[in-house]
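Trainee: Quick one, my_file.txt (compact mmCIF, C-alpha atoms):
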# COMPACT_ATOMS: atom_id res chain seq x y z
CA MET A 1 50.20 191.93 90.95
CA LYS A 2 50.81 189.04 88.60
CA ALA A 3 47.89 187.62 86.57
CA PRO A 4 47.13 183.90 86.86
CA ALA A 5 48.76 181.76 84.16
CA ARG A 6 45.41 180.98 82.52
CA VAL A 7 44.47 184.65 82.23
CA ASP A 8 47.97 185.44 80.91
CA ALA A 9 47.63 182.69 78.28
CA VAL A 10 44.23 184.01 77.15
CA LEU A 11 45.59 187.56 76.94
CA THR A 12 48.65 186.39 75.04
CA ARG A 13 46.43 184.49 72.59
CA ARG A 14 44.20 187.56 72.10
CA LEU A 15 47.24 189.77 71.67
CA GLY A 16 48.57 187.32 69.12
CA LEU A 17 45.33 187.37 67.19
CA LEU A 18 45.21 191.13 67.21
CA ALA A 19 48.81 191.57 66.27
CA SER A 20 48.53 188.93 63.57
CA LEU A 21 45.54 190.62 62.10
CA TRP A 22 47.25 193.94 62.20
CA PHE A 23 50.34 192.52 60.57
CA ALA A 24 48.37 190.76 57.86
CA THR A 25 46.44 193.88 57.15
CA VAL A 26 49.54 195.91 56.80
CA PHE A 27 51.41 193.16 55.00
CA ILE A 28 48.95 191.99 52.35
CA ALA A 29 47.29 195.17 51.26
CA GLY A 30 48.69 195.24 47.77
CA CYS A 31 45.49 196.49 46.19
CA ALA A 32 44.99 199.04 48.88
CA GLN A 33 42.05 201.35 48.72
CA THR A 34 42.54 205.01 48.09
CA PRO A 35 43.61 206.57 51.37
CA ARG A 36 40.51 207.67 53.32
CA ALA A 37 41.65 209.55 56.35
CA ALA A 38 44.85 211.53 56.19
CA ALA A 39 46.21 214.22 58.41
CA PRO A 40 46.56 217.45 56.45
CA ASN A 41 50.38 217.41 56.44
CA ASP A 42 51.05 213.66 56.49
CA ALA A 43 50.97 212.00 53.07
CA GLU A 44 52.03 208.70 54.70
CA VAL A 45 48.76 208.29 56.64
CA SER A 46 46.32 205.87 55.02
CA SER A 47 43.35 203.60 55.67
CA TRP A 48 42.73 199.99 54.65
CA THR A 49 40.04 197.36 55.34
CA GLY A 50 39.93 193.67 54.59
CA ARG A 51 40.83 190.27 56.02
CA ILE A 52 44.08 189.13 57.52
CA SER A 53 45.63 185.85 58.56
CA LEU A 54 48.87 185.06 60.32
CA GLN A 55 50.24 181.60 60.90
CA VAL A 56 53.21 181.10 63.22
CA GLN A 57 54.88 177.69 63.16
CA SER A 58 55.62 177.74 66.89
CA GLU A 59 55.04 174.97 69.43
CA PRO A 60 52.11 174.74 69.46
CA PRO A 61 51.41 176.33 66.06
CA GLN A 62 49.31 179.50 66.15
CA ALA A 63 46.91 180.76 63.49
CA PHE A 64 44.91 183.99 63.50
CA PHE A 65 42.16 185.09 61.12
CA ALA A 66 40.15 188.32 61.32
CA GLY A 67 38.62 191.22 59.53
CA PHE A 68 40.40 194.50 60.04
CA GLU A 69 40.29 198.23 59.62
CA LEU A 70 43.69 199.90 59.71
CA LYS A 71 44.20 203.66 59.89
CA GLY A 72 47.39 205.64 60.19
CA SER A 73 51.05 204.96 59.63
CA ALA A 74 53.90 202.97 61.12
CA ALA A 75 54.55 205.86 63.51
CA GLN A 76 50.97 206.38 64.71
CA GLY A 77 47.81 204.44 63.98
CA GLU A 78 44.87 202.30 64.94
CA LEU A 79 43.88 198.75 64.06
CA VAL A 80 40.41 197.32 64.72
CA LEU A 81 40.11 193.52 64.55
CA ASN A 82 36.77 191.83 63.99
CA SER A 83 35.60 188.23 64.08
CA PRO A 84 34.15 186.64 60.92
CA LEU A 85 30.72 187.47 62.38
CA GLY A 86 31.64 191.14 62.72
CA ASN A 87 32.12 191.23 66.49
CA SER A 88 34.94 193.48 67.69
CA LEU A 89 37.87 191.41 68.97
CA ALA A 90 40.30 194.17 69.83
CA LEU A 91 41.51 197.67 69.23
CA LEU A 92 45.22 198.45 68.91
CA ARG A 93 46.46 202.03 69.02
CA TRP A 94 50.06 203.14 68.81
CA SER A 95 52.20 206.26 68.75
CA ALA A 96 55.83 207.11 69.44
CA GLU A 97 55.06 207.10 73.17
CA GLU A 98 53.25 203.75 73.58
CA ALA A 99 51.11 201.00 72.11
CA VAL A 100 47.77 200.05 73.67
CA LEU A 101 45.76 196.86 73.26
CA ASP A 102 42.09 197.11 74.24
CA SER A 103 40.44 193.68 74.16
CA GLY A 104 37.12 194.97 75.49
CA ASN A 105 37.59 193.73 79.03
CA GLN A 106 41.25 194.59 79.54
CA ILE A 107 43.69 197.27 78.43
CA GLN A 108 47.40 196.50 78.12
CA ARG A 109 50.16 199.02 77.45
CA PHE A 110 53.51 198.47 75.72
CA ALA A 111 56.51 200.67 74.96
CA SER A 112 56.06 200.23 71.18
CA VAL A 113 53.85 198.59 68.58
CA GLY A 114 56.74 196.24 67.82
CA GLU A 115 56.82 195.08 71.45
CA LEU A 116 53.04 194.59 71.46
CA ILE A 117 53.14 192.47 68.30
CA GLU A 118 56.11 190.38 69.40
CA LYS A 119 54.51 189.69 72.79
CA ALA A 120 51.21 188.76 71.15
CA THR A 121 52.47 186.61 68.28
CA GLY A 122 55.88 185.40 69.39
CA ALA A 123 57.33 186.90 66.20
CA ALA A 124 58.76 190.33 65.49
CA LEU A 125 57.04 192.02 62.55
CA PRO A 126 58.56 194.77 60.41
CA VAL A 127 55.93 197.47 60.93
CA PRO A 128 57.44 200.17 58.65
CA ALA A 129 57.90 197.61 55.85
CA LEU A 130 54.31 196.43 56.30
CA PHE A 131 52.94 199.89 55.62
CA ASP A 132 55.17 200.13 52.54
CA TRP A 133 53.91 196.74 51.35
CA LEU A 134 50.33 197.93 51.70
CA ARG A 135 51.24 200.87 49.48
CA GLY A 136 52.81 198.53 46.90
CA LYS A 137 56.44 199.30 47.73
CA ASN A 138 58.53 196.14 48.18
CA THR A 139 60.69 197.31 51.07
CA ALA A 140 63.23 194.81 52.40
CA ALA A 141 62.85 193.57 55.97
CA ASP A 142 65.31 191.26 57.77
CA GLY A 143 64.17 187.64 57.50
CA TRP A 144 60.97 188.53 55.58
CA THR A 145 60.11 187.97 51.93
CA ALA A 146 57.10 189.87 50.59
CA ASP A 147 55.13 188.80 47.53
CA LEU A 148 53.40 191.80 45.97
CA THR A 149 52.67 190.15 42.60
CA GLN A 150 48.90 190.16 43.33
CA GLN A 151 48.87 193.61 44.88
CA ALA A 152 46.72 194.96 42.05
CA GLU A 153 44.08 192.37 43.04
CA GLY A 154 44.28 193.43 46.69
CA ARG A 155 46.34 190.47 47.89
CA ILE A 156 49.66 190.56 49.70
CA SER A 157 51.58 187.77 51.31
CA ALA A 158 54.84 187.61 53.23
CA SER A 159 56.87 184.94 54.94
CA ARG A 160 59.52 185.01 57.60
CA SER A 161 61.96 182.12 57.80
CA ILE A 162 64.69 183.68 59.94
CA PRO A 163 64.63 183.76 62.90
CA LEU A 164 62.42 180.82 63.71
CA PRO A 165 59.55 180.21 64.15
CA ARG A 166 58.46 180.58 60.55
CA ALA A 167 55.57 183.02 60.05
CA ASP A 168 53.22 183.42 57.08
CA LEU A 169 51.08 186.50 56.59
CA ARG A 170 48.19 186.95 54.15
CA VAL A 171 46.18 190.12 53.57
CA VAL A 172 43.14 190.49 51.35
CA LEU A 173 41.92 194.04 50.98
CA ALA A 174 38.28 195.00 50.56
CA ARG A 175 37.46 196.77 47.35
Please express the file's structure as structure tokens.

Mentor:
Amino acid sequence: MKAPARVDAVLTRRLGLLASLWFATVFIAGCAQTPRAAAPNDAEVSSWTGRISLQVQSEPPQAFFAGFELKGSAAQGELVLNSPLGNSLALLRWSAEEAVLDSGNQIQRFASVGELIEKATGAALPVPALFDWLRGKNTAADGWTADLTQQAEGRISASRSIPLPRADLRVVLAR
């Protein structure tokens, strides 16, 4: 059964906000906190908190701002997005099998976290590179340029110019 266009637009906007927040969190976590929760045999699992923003120069332009708590890795993790007032906006969980978006009143499932983010924001985000950026490793990603010069201060930014639309990500980590 197909959802009405208005409901689909609201869900797409919420997905975009969630994905943008997740991306910003992963992307601009240069001064990342010491990893909190790690699986015993997985040194790549980490935890970050802070604020994230994503601006996509689409028609119409889209901008997302939120607080976040990110746990896990590019392969498996969880992202909680909060409003500036601290209200929960959404929960994203992903693994090799699927990605799930829980917006409180609706749950949507996707084949991958990349698919979830692209559907939500209209832009593909380099998830493995984002986790590397949060760890301070300037990993190359097609079309993306990461600025980790303020990573020690807990700030990361990245821009995508190709393919269009242009996207700008900012992450500020909590200390």

Trainee: Ranking A:Ala74, A:Leu54, A:Ala66, A:Ala90 by minimum distance to A:Val127 and counting only C-alpha atoms, which one comes first?

Mentor: A:Ala74

Trainee: Give the answer as one residue: which of A:Leu125, A:Glu118, A:Ile156, A:Ser161 has the shortest atom-to-atom distance to A:Lys137, using all atoms listed in the file?

Mentor: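 Smallest distance to A:Lys137 is found for A:Ile156.
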
Trainee: Can you tell me how far atom CA of A:Glu97 sits from atom CA of A:Pro163, in Å to one decimal?

Mentor: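 Rounded to one decimal, the two atoms are 27.2 Å apart.
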
Trainee: Grab the atom CA of A:Val113 to atom CA of A:Arg93 distance for me, in Å with one decimal place.

Mentor: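 Atom CA of A:Arg93 lies at a distance of 8.2 Å from atom CA of A:Val113.
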
Trainee: Do you have the atom CA of A:Leu91-atom CA of A:Gly104 distance handy?

Mentor: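 Result for atom CA of A:Leu91 versus atom CA of A:Gly104: 8.1 Å, one decimal.
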
Trainee: Under the rule that all atoms listed in the file are counted, which of A:Gly136, A:Gly143, A:Gly67, A:Pro60 is the nearest residue to A:Val80?

Mentor: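 Nearest candidate to A:Val80 out of A:Gly136, A:Gly143, A:Gly67, A:Pro60: A:Gly67.
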
Trainee: First collect every listed atom of stretch 60-68 of chain A; then fit an axis-aligned box around them, widen it by 5 Å on each side, and give centre and edge lengths in Å to one decimal, as JSON.

Mentor:
{"center_x": 45.4, "center_y": 184.6, "center_z": 64.5, "size_x": 23.5, "size_y": 29.8, "size_z": 19.9}

Trainee: Using all atoms listed in the file, pick whichever of A:Glu115, A:Arg160, A:Ser73, A:Phe64 has the shortest atom-to-atom distance to A:Asp132.

Mentor: A:Ser73

Trainee: Under the rule that all atoms listed in the file are counted, which of A:Trp48, A:Arg175, A:Asp102, A:Arg109 is the nearest residue to A:Lys71?

Mentor: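 The answer is A:Trp48, which sits nearest to A:Lys71.
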
Trainee: Give me, as a PyMOL selection string, all polymer residues having an atom no more than 9 Å from A:Pro126, counting all atoms listed in the file and skipping those fewer than 6 positions away in the same chain.

Mentor: chain A and resi 23+114+141-142+144

Trainee: Between A:Leu148, A:Ala158, A:Leu101, A:Ile52, single out the one closest to A:Ile117, counting only C-alpha atoms.

Mentor: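 Between A:Leu148, A:Ala158, A:Leu101, A:Ile52, the residue approaching A:Ile117 most closely is A:Leu101.
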